[in-house]
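Trainee: Pasting start15.txt here (compact mmCIF, C-alpha atoms):
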# COMPACT_ATOMS: atom_id res chain seq x y z
CA MET A 1362 -5.27 -53.33 -22.86
CA ILE A 1363 -1.72 -52.53 -24.05
CA GLN A 1364 0.23 -55.80 -23.77
CA GLU A 1365 3.69 -54.21 -23.62
CA HIS A 1366 4.77 -52.36 -20.49
CA LEU A 1367 4.49 -48.60 -20.61
CA SER A 1368 7.64 -46.67 -21.35
CA ASP A 1369 9.22 -44.52 -18.63
CA GLU A 1370 8.16 -41.43 -20.56
CA LYS A 1371 4.57 -42.57 -20.62
CA ILE A 1372 4.62 -43.32 -16.90
CA GLN A 1373 6.08 -39.91 -16.09
CA GLU A 1374 3.48 -38.28 -18.30
CA TYR A 1375 0.81 -40.29 -16.50
CA ILE A 1376 1.90 -38.77 -13.18
CA LEU A 1377 2.63 -35.22 -14.33
CA GLN A 1378 -0.26 -34.59 -16.68
CA GLY A 1379 -3.00 -36.40 -14.81
CA GLU A 1380 -5.21 -37.04 -17.79
CA ASN A 1381 -4.28 -39.92 -20.07
CA ASP A 1382 -5.70 -41.89 -22.93
CA GLU A 1383 -8.04 -44.81 -22.35
CA ARG A 1384 -5.49 -47.45 -23.38
CA THR A 1385 -2.88 -46.20 -20.90
CA ASN A 1386 -5.41 -46.06 -18.08
CA LEU A 1387 -6.61 -49.55 -18.88
CA HIS A 1388 -3.07 -50.94 -18.95
CA MET A 1389 -2.20 -49.19 -15.73
CA SER A 1390 -5.22 -50.62 -13.95
CA GLY A 1391 -4.26 -54.17 -14.87
CA CYS A 1392 -0.44 -54.19 -14.81
CA GLU A 1393 1.21 -54.53 -11.42
CA ALA A 1394 4.73 -53.90 -12.80
CA CYS A 1395 3.76 -50.57 -14.33
CA LYS A 1396 1.80 -49.62 -11.22
CA LYS A 1397 4.96 -50.14 -9.14
CA ARG A 1398 7.07 -48.15 -11.57
CA MET A 1399 4.49 -45.40 -11.42
CA LYS A 1400 4.59 -45.42 -7.64
CA ASP A 1401 8.41 -45.21 -7.73
CA TYR A 1402 8.25 -42.22 -10.01
CA SER A 1403 5.59 -40.57 -7.87
CA ILE A 1404 7.76 -40.91 -4.78
CA LEU A 1405 10.75 -39.58 -6.67
CA ILE A 1406 8.91 -36.60 -8.14
CA ASN A 1407 7.33 -35.69 -4.80
CA ALA A 1408 10.68 -35.97 -3.04
CA VAL A 1409 12.46 -33.81 -5.63
CA SER A 1410 9.69 -31.22 -5.51
CA SER A 1411 9.96 -30.94 -1.75
CA ILE A 1412 13.71 -30.25 -1.75
CA GLU A 1413 14.65 -26.90 -0.21
CA PRO A 1414 15.85 -24.54 -2.96
CA ALA A 1415 19.60 -24.13 -3.20
CA ALA A 1416 20.89 -20.87 -1.75
CA PHE A 1417 24.29 -19.23 -1.84
CA THR A 1418 26.32 -19.54 1.33
CA PHE A 1419 27.72 -16.02 0.95
CA ASN A 1420 26.29 -12.52 0.88
CA LEU A 1421 25.90 -12.05 -2.85
CA SER A 1422 24.73 -8.42 -2.81
CA GLU A 1423 27.78 -7.33 -0.85
CA LEU A 1424 30.17 -9.24 -3.11
CA VAL A 1425 28.57 -7.89 -6.27
CA MET A 1426 28.75 -4.30 -5.00
CA GLN A 1427 32.44 -4.80 -4.19
CA LYS A 1428 33.05 -6.26 -7.63
CA ILE A 1429 31.21 -3.40 -9.34
CA GLU A 1430 33.26 -0.87 -7.36
CA SER A 1431 36.57 -2.53 -8.27
CA GLN A 1432 35.42 -2.83 -11.89
CA ARG A 1433 34.65 0.90 -11.96
CA LYS A 1434 38.11 1.69 -10.60
CA LYS A 1435 39.66 -0.60 -13.21
CA GLU A 1436 37.68 1.04 -16.00
CA LYS A 1437 38.69 4.51 -14.77
CA LEU A 1438 42.35 3.47 -14.76
CA GLU A 1439 41.98 2.02 -18.25
CA LEU A 1440 40.43 5.27 -19.41
CA TYR A 1441 43.29 7.34 -17.92
CA ILE A 1442 45.83 5.06 -19.60
CA PHE A 1443 43.94 5.40 -22.87
CA TYR A 1444 43.91 9.21 -22.70
CA ALA A 1445 47.57 9.31 -21.69
CA LEU A 1446 48.47 7.14 -24.68
CA LEU A 1447 46.29 9.27 -26.92
CA LEU A 1448 47.94 12.44 -25.72
CA GLY A 1449 51.34 10.82 -26.14
CA GLY A 1450 50.36 9.69 -29.61
CA ILE A 1451 49.58 13.28 -30.56
CA LEU A 1452 52.34 15.11 -28.69
CA VAL A 1453 55.28 12.86 -29.58
CA PRO A 1454 54.87 13.19 -33.37
CA ILE A 1455 54.35 16.93 -32.93
CA TYR A 1456 57.56 17.16 -30.90
CA PHE A 1457 59.56 15.31 -33.55
CA THR A 1458 58.03 17.18 -36.48
CA LEU A 1459 58.41 20.57 -34.82
CA PRO A 1460 61.71 21.38 -36.57
CA MET A 1461 60.10 20.55 -39.90
CA ILE A 1462 56.98 22.58 -39.26
CA ALA A 1463 58.56 25.82 -40.46
CA THR A 1464 59.48 24.17 -43.77
CA ILE A 1465 56.00 22.66 -44.09
CA PHE A 1466 54.41 26.03 -43.39
CA LYS A 1467 56.62 27.67 -46.00
CA ARG A 1468 55.51 25.12 -48.59
CA ILE A 1469 51.82 25.61 -47.88
CA GLN A 1470 51.92 29.30 -47.07
CA TRP A 1471 49.62 29.94 -49.98
CA LEU A 1472 46.83 28.58 -47.69
CA HIS A 1473 45.00 31.15 -45.64
CA SER A 1474 45.62 30.90 -41.88
CA THR A 1475 41.92 30.19 -41.21
CA SER A 1476 41.93 27.36 -43.74
CA MET A 1477 45.10 26.07 -42.12
CA ALA A 1478 43.46 26.08 -38.68
CA LEU A 1479 40.43 24.30 -40.13
CA LEU A 1480 42.61 21.70 -41.83
CA ILE A 1481 44.56 20.95 -38.64
CA THR A 1482 41.45 20.87 -36.44
CA GLY A 1483 39.66 18.65 -38.94
CA THR A 1484 42.54 16.19 -39.19
CA VAL A 1485 43.00 15.98 -35.42
CA GLY A 1486 39.21 15.66 -34.99
CA VAL A 1487 38.94 12.78 -37.45
CA ILE A 1488 41.88 10.96 -35.84
CA LEU A 1489 40.37 11.42 -32.38
CA PHE A 1490 36.96 10.23 -33.58
CA LEU A 1491 38.45 7.12 -35.15
CA ILE A 1492 40.41 6.24 -32.02
CA ILE A 1493 37.41 6.74 -29.71
CA ASP A 1494 35.20 4.73 -32.07
CA MET A 1495 37.73 1.88 -32.09
CA PHE A 1496 37.81 1.96 -28.30
CA ARG A 1497 34.01 1.83 -28.10
CA ALA A 1498 33.80 -1.03 -30.61
CA GLN A 1499 36.36 -2.95 -28.58
CA LYS A 1500 34.34 -2.45 -25.38
CA GLU A 1501 31.16 -3.56 -27.15
CA LYS A 1502 32.87 -6.71 -28.41
CA GLU A 1503 34.11 -7.53 -24.91
CA LEU A 1504 30.56 -7.19 -23.63
CA GLN A 1505 29.16 -9.39 -26.40
CA LEU A 1506 31.70 -12.07 -25.49
CA TYR A 1507 30.48 -11.90 -21.92
CA LEU A 1508 26.87 -12.82 -22.73
CA MET B 838 16.82 -5.06 -5.36
CA ILE B 839 17.47 -6.97 -8.60
CA ILE B 840 19.88 -9.24 -6.76
CA THR B 841 17.48 -9.98 -3.91
CA ASP B 842 14.64 -10.74 -6.32
CA THR B 843 16.57 -13.06 -8.59
CA GLU B 844 19.26 -14.54 -6.33
CA ARG B 845 17.26 -17.71 -5.66
CA LEU B 846 16.83 -18.52 -9.34
CA VAL B 847 20.47 -17.74 -10.12
CA ALA B 848 21.55 -19.91 -7.18
CA GLN B 849 19.53 -22.83 -8.56
CA ILE B 850 21.37 -22.56 -11.87
CA VAL B 851 24.87 -21.87 -10.58
CA ARG B 852 24.80 -24.33 -7.70
CA LYS B 853 23.45 -27.12 -9.86
CA MET B 854 25.81 -26.58 -12.77
CA ILE B 855 29.03 -25.73 -10.91
CA ALA B 856 30.27 -28.00 -8.17
CA ASP B 857 33.10 -25.94 -6.67
CA GLU B 858 31.96 -23.34 -4.14
CA GLU B 859 34.73 -20.84 -4.91
CA GLU B 860 33.87 -21.01 -8.60
CA GLN B 861 30.20 -20.50 -7.74
CA LYS B 862 31.17 -17.36 -5.86
CA ASP B 863 33.17 -15.94 -8.78
CA LEU B 864 30.54 -16.84 -11.34
CA ALA B 865 27.67 -15.37 -9.33
CA GLN B 866 29.56 -12.07 -9.16
CA ASP B 867 30.36 -12.18 -12.87
CA ILE B 868 26.72 -12.86 -13.71
CA TYR B 869 25.45 -9.76 -11.90
CA LEU B 870 28.30 -7.65 -13.22
CA LYS B 871 27.25 -8.59 -16.75
CA VAL B 872 23.62 -7.96 -15.87
CA PHE B 873 24.39 -4.43 -14.66
CA GLN B 874 26.58 -3.68 -17.66
CA LYS B 875 23.99 -4.99 -20.11
CA LEU B 876 20.85 -3.85 -18.32
CA SER B 877 20.33 -1.01 -20.81
CA THR B 878 20.04 -3.57 -23.62
CA PHE B 879 17.20 -5.47 -21.90
CA LYS B 880 14.23 -5.12 -24.26
CA PHE B 881 11.42 -6.29 -21.95
CA GLN B 882 10.61 -9.10 -24.39
CA SER B 883 10.79 -11.54 -21.49
CA LYS B 884 10.65 -11.35 -17.71
CA LEU B 885 13.71 -9.73 -16.16
CA SER B 886 14.26 -12.83 -14.02
CA THR B 887 14.25 -15.04 -17.15
CA TRP B 888 16.76 -12.75 -18.82
CA ILE B 889 19.04 -12.83 -15.77
CA ALA B 890 18.67 -16.62 -15.60
CA GLN B 891 19.67 -16.74 -19.26
CA VAL B 892 22.83 -14.74 -18.47
CA ALA B 893 23.53 -17.11 -15.56
CA TYR B 894 23.02 -20.21 -17.72
CA ASN B 895 25.26 -18.89 -20.53
CA THR B 896 27.97 -17.89 -18.05
CA CYS B 897 27.92 -21.35 -16.48
CA CYS B 898 27.97 -23.04 -19.91
CA ASN B 899 31.00 -20.97 -20.96
CA HIS B 900 32.73 -21.86 -17.70
CA LEU B 901 32.03 -25.59 -18.15
CA GLU B 902 33.20 -25.40 -21.76
CA LYS B 903 36.48 -23.82 -20.66
CA ARG B 904 36.91 -26.60 -18.10
CA LYS B 905 35.99 -29.17 -20.76
CA ILE B 906 33.20 -30.52 -18.57
CA PRO B 907 30.34 -31.89 -20.70
CA LEU B 908 26.96 -30.30 -20.07
CA CYS B 909 25.19 -33.53 -20.73
CA ASP B 910 27.11 -36.78 -20.95
CA ILE B 911 25.92 -38.54 -24.12
CA ASP B 912 27.42 -41.94 -23.17
CA LEU B 913 25.41 -41.93 -20.01
CA LEU B 914 22.24 -41.43 -22.03
CA HIS B 915 22.96 -44.34 -24.37
CA GLU B 916 23.66 -46.59 -21.45
CA ASN B 917 20.22 -45.82 -20.15
CA ALA B 918 18.22 -46.47 -23.29
CA PHE B 919 14.85 -47.90 -22.36
CA VAL B 920 15.04 -51.07 -20.29
CA TYR B 921 11.93 -52.38 -18.63
CA PRO B 922 12.92 -54.57 -15.72
CA ASP B 923 10.42 -57.00 -14.39
CA ASP B 924 10.06 -55.45 -10.98
CA THR B 925 6.73 -56.86 -9.89
CA GLU B 926 8.39 -58.80 -7.11
CA ARG B 927 10.07 -55.98 -5.29
CA GLU B 928 8.68 -53.36 -2.96
CA THR B 929 8.31 -49.77 -4.10
CA PHE B 930 11.37 -47.75 -3.17
CA THR B 931 11.40 -45.08 -0.52
CA ILE B 932 13.49 -41.97 -0.33
CA GLU B 933 14.55 -41.74 3.24
CA THR B 934 16.63 -38.62 3.51
CA ASN B 935 17.07 -35.39 1.69
CA ASN B 936 20.84 -35.91 1.78
CA MET B 937 20.52 -39.10 -0.19
CA LEU B 938 18.45 -37.39 -2.83
CA HIS B 939 20.89 -34.47 -2.99
CA ALA B 940 23.76 -36.92 -3.43
CA GLU B 941 21.98 -38.73 -6.25
CA ILE B 942 20.97 -35.51 -8.00
CA GLY B 943 24.60 -34.46 -7.66
CA LYS B 944 25.64 -37.41 -9.81
CA LEU B 945 23.56 -36.25 -12.78
CA PRO B 946 25.15 -34.26 -15.62
CA PRO B 947 25.09 -30.45 -14.95
CA LEU B 948 22.34 -29.73 -17.47
CA TYR B 949 20.02 -32.38 -16.02
CA LYS B 950 20.61 -31.21 -12.46
CA MET B 951 19.70 -27.71 -13.46
CA LEU B 952 16.62 -28.73 -15.44
CA ILE B 953 15.33 -30.85 -12.55
CA SER B 954 15.79 -27.90 -10.18
CA LEU B 955 14.14 -25.35 -12.43
CA TYR B 956 11.19 -27.59 -13.21
CA HIS B 957 10.51 -29.27 -9.89
CA ILE B 958 11.88 -26.87 -7.30
CA GLU B 959 11.41 -23.48 -8.96
CA GLU B 960 8.30 -24.79 -10.75
CA LEU B 961 9.12 -22.94 -13.94
CA PRO B 962 7.09 -23.90 -17.02
CA ASN B 963 8.89 -25.59 -19.90
CA LYS B 964 8.47 -22.42 -21.96
CA ASP B 965 10.52 -20.35 -19.49
CA ILE B 966 13.17 -23.06 -19.18
CA ALA B 967 13.39 -23.21 -22.98
CA GLU B 968 13.92 -19.46 -23.06
CA ILE B 969 16.63 -19.61 -20.41
CA THR B 970 18.54 -22.45 -22.04
CA ASN B 971 17.75 -21.50 -25.64
CA LEU B 972 16.68 -25.10 -26.28
CA PRO B 973 13.39 -26.20 -27.89
CA GLU B 974 10.59 -27.08 -25.47
CA GLY B 975 10.50 -30.64 -26.83
CA THR B 976 14.17 -31.09 -26.01
CA ILE B 977 13.60 -29.79 -22.48
CA LYS B 978 10.77 -32.28 -22.00
CA SER B 979 12.83 -35.15 -23.29
CA TYR B 980 15.87 -34.17 -21.14
CA LEU B 981 13.61 -34.01 -18.11
CA TYR B 982 12.25 -37.51 -18.79
CA ARG B 983 15.77 -38.85 -19.11
CA ALA B 984 16.95 -37.01 -16.02
CA ARG B 985 14.15 -38.49 -13.89
CA LYS B 986 14.80 -41.93 -15.33
CA LEU B 987 18.53 -41.65 -14.58
CA LEU B 988 17.77 -40.44 -11.09
CA LYS B 989 15.36 -43.27 -10.39
CA GLU B 990 17.79 -45.88 -11.69
CA SER B 991 20.69 -44.37 -9.84
CA ILE B 992 18.76 -44.38 -6.55
CA SER B 993 17.63 -47.96 -7.15
CA LYS B 994 21.20 -49.05 -7.92
CA THR B 995 22.95 -47.24 -5.08
CA TYR B 996 20.49 -48.07 -2.37
CA LYS B 997 19.56 -51.53 -3.61
CA ASN B 998 20.26 -53.35 -0.39
CA ASP B 999 18.62 -50.88 1.91
CA MET B 1000 15.53 -50.11 -0.01
CA LEU B 1001 14.55 -52.80 -2.43
If you convert what's in this file into structure tokens, what do you get?
Mentor:
Amino acid sequence: MIQEHLSDEKIQEYILQGENDERTNLHMSGCEACKKRMKDYSILINAVSSIEPAAFTFNLSELVMQKIESQRKKEKLELYIFYALLLGGILVPIYFTLPMIATIFKRIQWLHSTSMALLITGTVGVILFLIIDMFRAQKEKELQLYL
Amino acid sequence: MIITDTERLVAQIVRKMIADEEEQKDLAQDIYLKVFQKLSTFKFQSKLSTWIAQVAYNTCCNHLEKRKIPLCDIDLLHENAFVYPDDTERETFTIETNNMLHAEIGKLPPLYKMLISLYHIEELPNKDIAEITNLPEGTIKSYLYRARKLLKESISKTYKNDML
């Protein structure tokens, strides 16, 4: 028989796992103190297991749907603001460089008009791609922070 | 559908880890918002409910961290290092009301409260709890032992006169 009292861990194991080693069983059969502690733990574990599961006191589905709806509206607004800023970012420099455009064209008039169109489209395309990519990366980061 | 199926598990986590009801409301909404936004990234490597519980647990942990509320009070654990009282003389304790038990569970650190609920009320295996909390199974076991011990001692202390 184990002379020392069983630890709390051992007693809990004794209740939860059912099967135990010979020494523990032997000690338990002869030690009143450990038997009482085991009974205490049994009562506690049974009582905790019979507790009604916690439930929310509000209608979660409804609240979540409302939140999703407002989030969608917010995202739409953010997107509009983003496109407005993007448009502004393109149009404002064009507006200010307009007087200089004639001079610029004169300097690069050796370029064919098709090449010119390609150059402009390419540049604008790359800028747009970079901005959209930055925006996406930002959104992804925000989401990562969430989880 | 997802909400109805997993609400009970999420409620166990949120209600046990967060005391304030308004905060519970906000967090529960945030949890499902994140779930819907991230649903496409779910890889079916675990059960959907476990994954949602994981989102709920992480959201609650972040919230507690912001509020500087410790998940698991270390001092409390040291205070309760193994003591074997000679209790052969006293009667075995009884747990008379559910309210009393709720009150005593409420005094435990947030992590312990949640672990007790998931293990004993939701009857989740240690493996699932470990996945939700991202803690090793051994740590979960040991936290559960300590949580039960704290609970037993706390009930014995508080209701000494009535029950012992």
Trainee: Grab the CA of Leu948 (chain B) to CA of Leu908 (chain B) distance for me, in Å with one decimal place.
Mentor: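 Separation between CA of Leu948 (chain B) and CA of Leu908 (chain B): 5.3 Å.
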Trainee: Go through chain A and flag each residue having an atom no more than 8 Å from chain B; for those, report the closest pair of atoms plus their distance in Å to one decimal, using only C-alpha atoms, ordered by chain and rising number, as JSON lines.
Mentor:
{"residue": "A:His1366", "atom": "CA", "partner": "B:Tyr921", "partner_atom": "CA", "distance": 7.4}
{"residue": "A:Ser1368", "atom": "CA", "partner": "B:Phe919", "partner_atom": "CA", "distance": 7.4}
{"residue": "A:Asp1369", "atom": "CA", "partner": "B:Lys986", "partner_atom": "CA", "distance": 7.0}
{"residue": "A:Glu1370", "atom": "CA", "partner": "B:Tyr982", "partner_atom": "CA", "distance": 5.9}
{"residue": "A:Gln1373", "atom": "CA", "partner": "B:Tyr982", "partner_atom": "CA", "distance": 7.1}
{"residue": "A:Glu1393", "atom": "CA", "partner": "B:Thr925", "partner_atom": "CA", "distance": 6.2}
{"residue": "A:Ala1394", "atom": "CA", "partner": "B:Thr925", "partner_atom": "CA", "distance": 4.6}
{"residue": "A:Lys1397", "atom": "CA", "partner": "B:Thr929", "partner_atom": "CA", "distance": 6.1}
{"residue": "A:Arg1398", "atom": "CA", "partner": "B:Thr929", "partner_atom": "CA", "distance": 7.7}
{"residue": "A:Lys1400", "atom": "CA", "partner": "B:Thr929", "partner_atom": "CA", "distance": 6.7}
{"residue": "A:Asp1401", "atom": "CA", "partner": "B:Thr929", "partner_atom": "CA", "distance": 5.8}
{"residue": "A:Tyr1402", "atom": "CA", "partner": "B:Lys989", "partner_atom": "CA", "distance": 7.2}
{"residue": "A:Ile1404", "atom": "CA", "partner": "B:Thr931", "partner_atom": "CA", "distance": 7.0}
{"residue": "A:Leu1405", "atom": "CA", "partner": "B:Lys989", "partner_atom": "CA", "distance": 7.0}
{"residue": "A:Ile1406", "atom": "CA", "partner": "B:His957", "partner_atom": "CA", "distance": 7.7}
{"residue": "A:Ala1408", "atom": "CA", "partner": "B:Ile932", "partner_atom": "CA", "distance": 7.2}
{"residue": "A:Val1409", "atom": "CA", "partner": "B:His957", "partner_atom": "CA", "distance": 6.5}
{"residue": "A:Ser1410", "atom": "CA", "partner": "B:His957", "partner_atom": "CA", "distance": 4.9}
{"residue": "A:Ser1411", "atom": "CA", "partner": "B:Ile958", "partner_atom": "CA", "distance": 7.1}
{"residue": "A:Ile1412", "atom": "CA", "partner": "B:Ile958", "partner_atom": "CA", "distance": 6.8}
{"residue": "A:Glu1413", "atom": "CA", "partner": "B:Ile958", "partner_atom": "CA", "distance": 7.6}
{"residue": "A:Pro1414", "atom": "CA", "partner": "B:Ile958", "partner_atom": "CA", "distance": 6.3}
{"residue": "A:Ala1415", "atom": "CA", "partner": "B:Gln849", "partner_atom": "CA", "distance": 5.5}
{"residue": "A:Ala1416", "atom": "CA", "partner": "B:Ala848", "partner_atom": "CA", "distance": 5.6}
{"residue": "A:Phe1417", "atom": "CA", "partner": "B:Ala848", "partner_atom": "CA", "distance": 6.0}
{"residue": "A:Phe1419", "atom": "CA", "partner": "B:Lys862", "partner_atom": "CA", "distance": 7.8}
{"residue": "A:Leu1421", "atom": "CA", "partner": "B:Gln866", "partner_atom": "CA", "distance": 7.3}
{"residue": "A:Ser1422", "atom": "CA", "partner": "B:Ile840", "partner_atom": "CA", "distance": 6.3}
{"residue": "A:Leu1424", "atom": "CA", "partner": "B:Gln866", "partner_atom": "CA", "distance": 6.7}
{"residue": "A:Val1425", "atom": "CA", "partner": "B:Gln866", "partner_atom": "CA", "distance": 5.2}
{"residue": "A:Lys1428", "atom": "CA", "partner": "B:Gln866", "partner_atom": "CA", "distance": 6.9}
{"residue": "A:Ile1429", "atom": "CA", "partner": "B:Leu870", "partner_atom": "CA", "distance": 6.4}
{"residue": "A:Leu1504", "atom": "CA", "partner": "B:Lys871", "partner_atom": "CA", "distance": 7.8}
{"residue": "A:Tyr1507", "atom": "CA", "partner": "B:Lys871", "partner_atom": "CA", "distance": 6.9}
{"residue": "A:Leu1508", "atom": "CA", "partner": "B:Val892", "partner_atom": "CA", "distance": 6.2}
Trainee: List the spatial neighbours of Phe1496 (chain A) as a ChimeraX atom specification - criterion: any atom at most 12 Å away, only C-alpha atoms, same-chain residues fewer than 3 positions off excluded.
Mentor: /A:1439-1440,1443-1444,1447,1489-1493,1499-1503
Trainee: Restricted to C-alpha atoms, what would the selected residues look like written as a CSV table (one decimal), keeping the file's coordinate frame?
Mentor:
chain,number,residue,atom,x,y,z
A,1439,GLU,CA,42.0,2.0,-18.2
A,1440,LEU,CA,40.4,5.3,-19.4
A,1443,PHE,CA,43.9,5.4,-22.9
A,1444,TYR,CA,43.9,9.2,-22.7
A,1447,LEU,CA,46.3,9.3,-26.9
A,1489,LEU,CA,40.4,11.4,-32.4
A,1490,PHE,CA,37.0,10.2,-33.6
A,1491,LEU,CA,38.4,7.1,-35.2
A,1492,ILE,CA,40.4,6.2,-32.0
A,1493,ILE,CA,37.4,6.7,-29.7
A,1499,GLN,CA,36.4,-3.0,-28.6
A,1500,LYS,CA,34.3,-2.4,-25.4
A,1501,GLU,CA,31.2,-3.6,-27.2
A,1502,LYS,CA,32.9,-6.7,-28.4
A,1503,GLU,CA,34.1,-7.5,-24.9
Trainee: Give me, please, the distance in Å between CA of Asp842 (chain B) and CA of Ser883 (chain B), quoted to one decimal.
Mentor: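 Separation of CA of Asp842 (chain B) and CA of Ser883 (chain B): 15.7 Å.
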Trainee: List as a PyMOL selection string: which residues have an atom within 10 Å of (-1.2, -48.3, -21.4), counting all atoms listed in the file?
Mentor: chain A and resi 1362-1368+1371-1372+1375+1381-1392+1395
Trainee: Go ahead and fit an axis-aligned box to every listed atom of region 1398-1407 of chain A plus 6 Å each side, and pass me the centre and edge lengths in Å, one decimal, as lines of an AutoDock Vina configuration file.
Mentor:
center_x = 7.6
center_y = -41.9
center_z = -8.2
size_x = 18.3
size_y = 24.5
size_z = 18.8
Trainee: For region 965-967 of chain B, work out the shell of residues within 9 Å, counting all atoms listed in the file and skipping chain neighbours fewer than 2 positions away, then give it as a list in words.
Mentor: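 Listed by chain and then number, they are Thr887, Leu952, Leu955, Tyr956, Leu961, Pro962, Asn963, Ile969, Thr970, Asn971, Leu972, Pro973, Glu974, Gly975, Thr976 and Ile977 of chain B.
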Trainee: Report, in Å to a single decimal, how far apart CA of Val1485 (chain A) and CA of Leu1446 (chain A) are.
Mentor: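 Rounded to one decimal, the two atoms are 14.9 Å apart.
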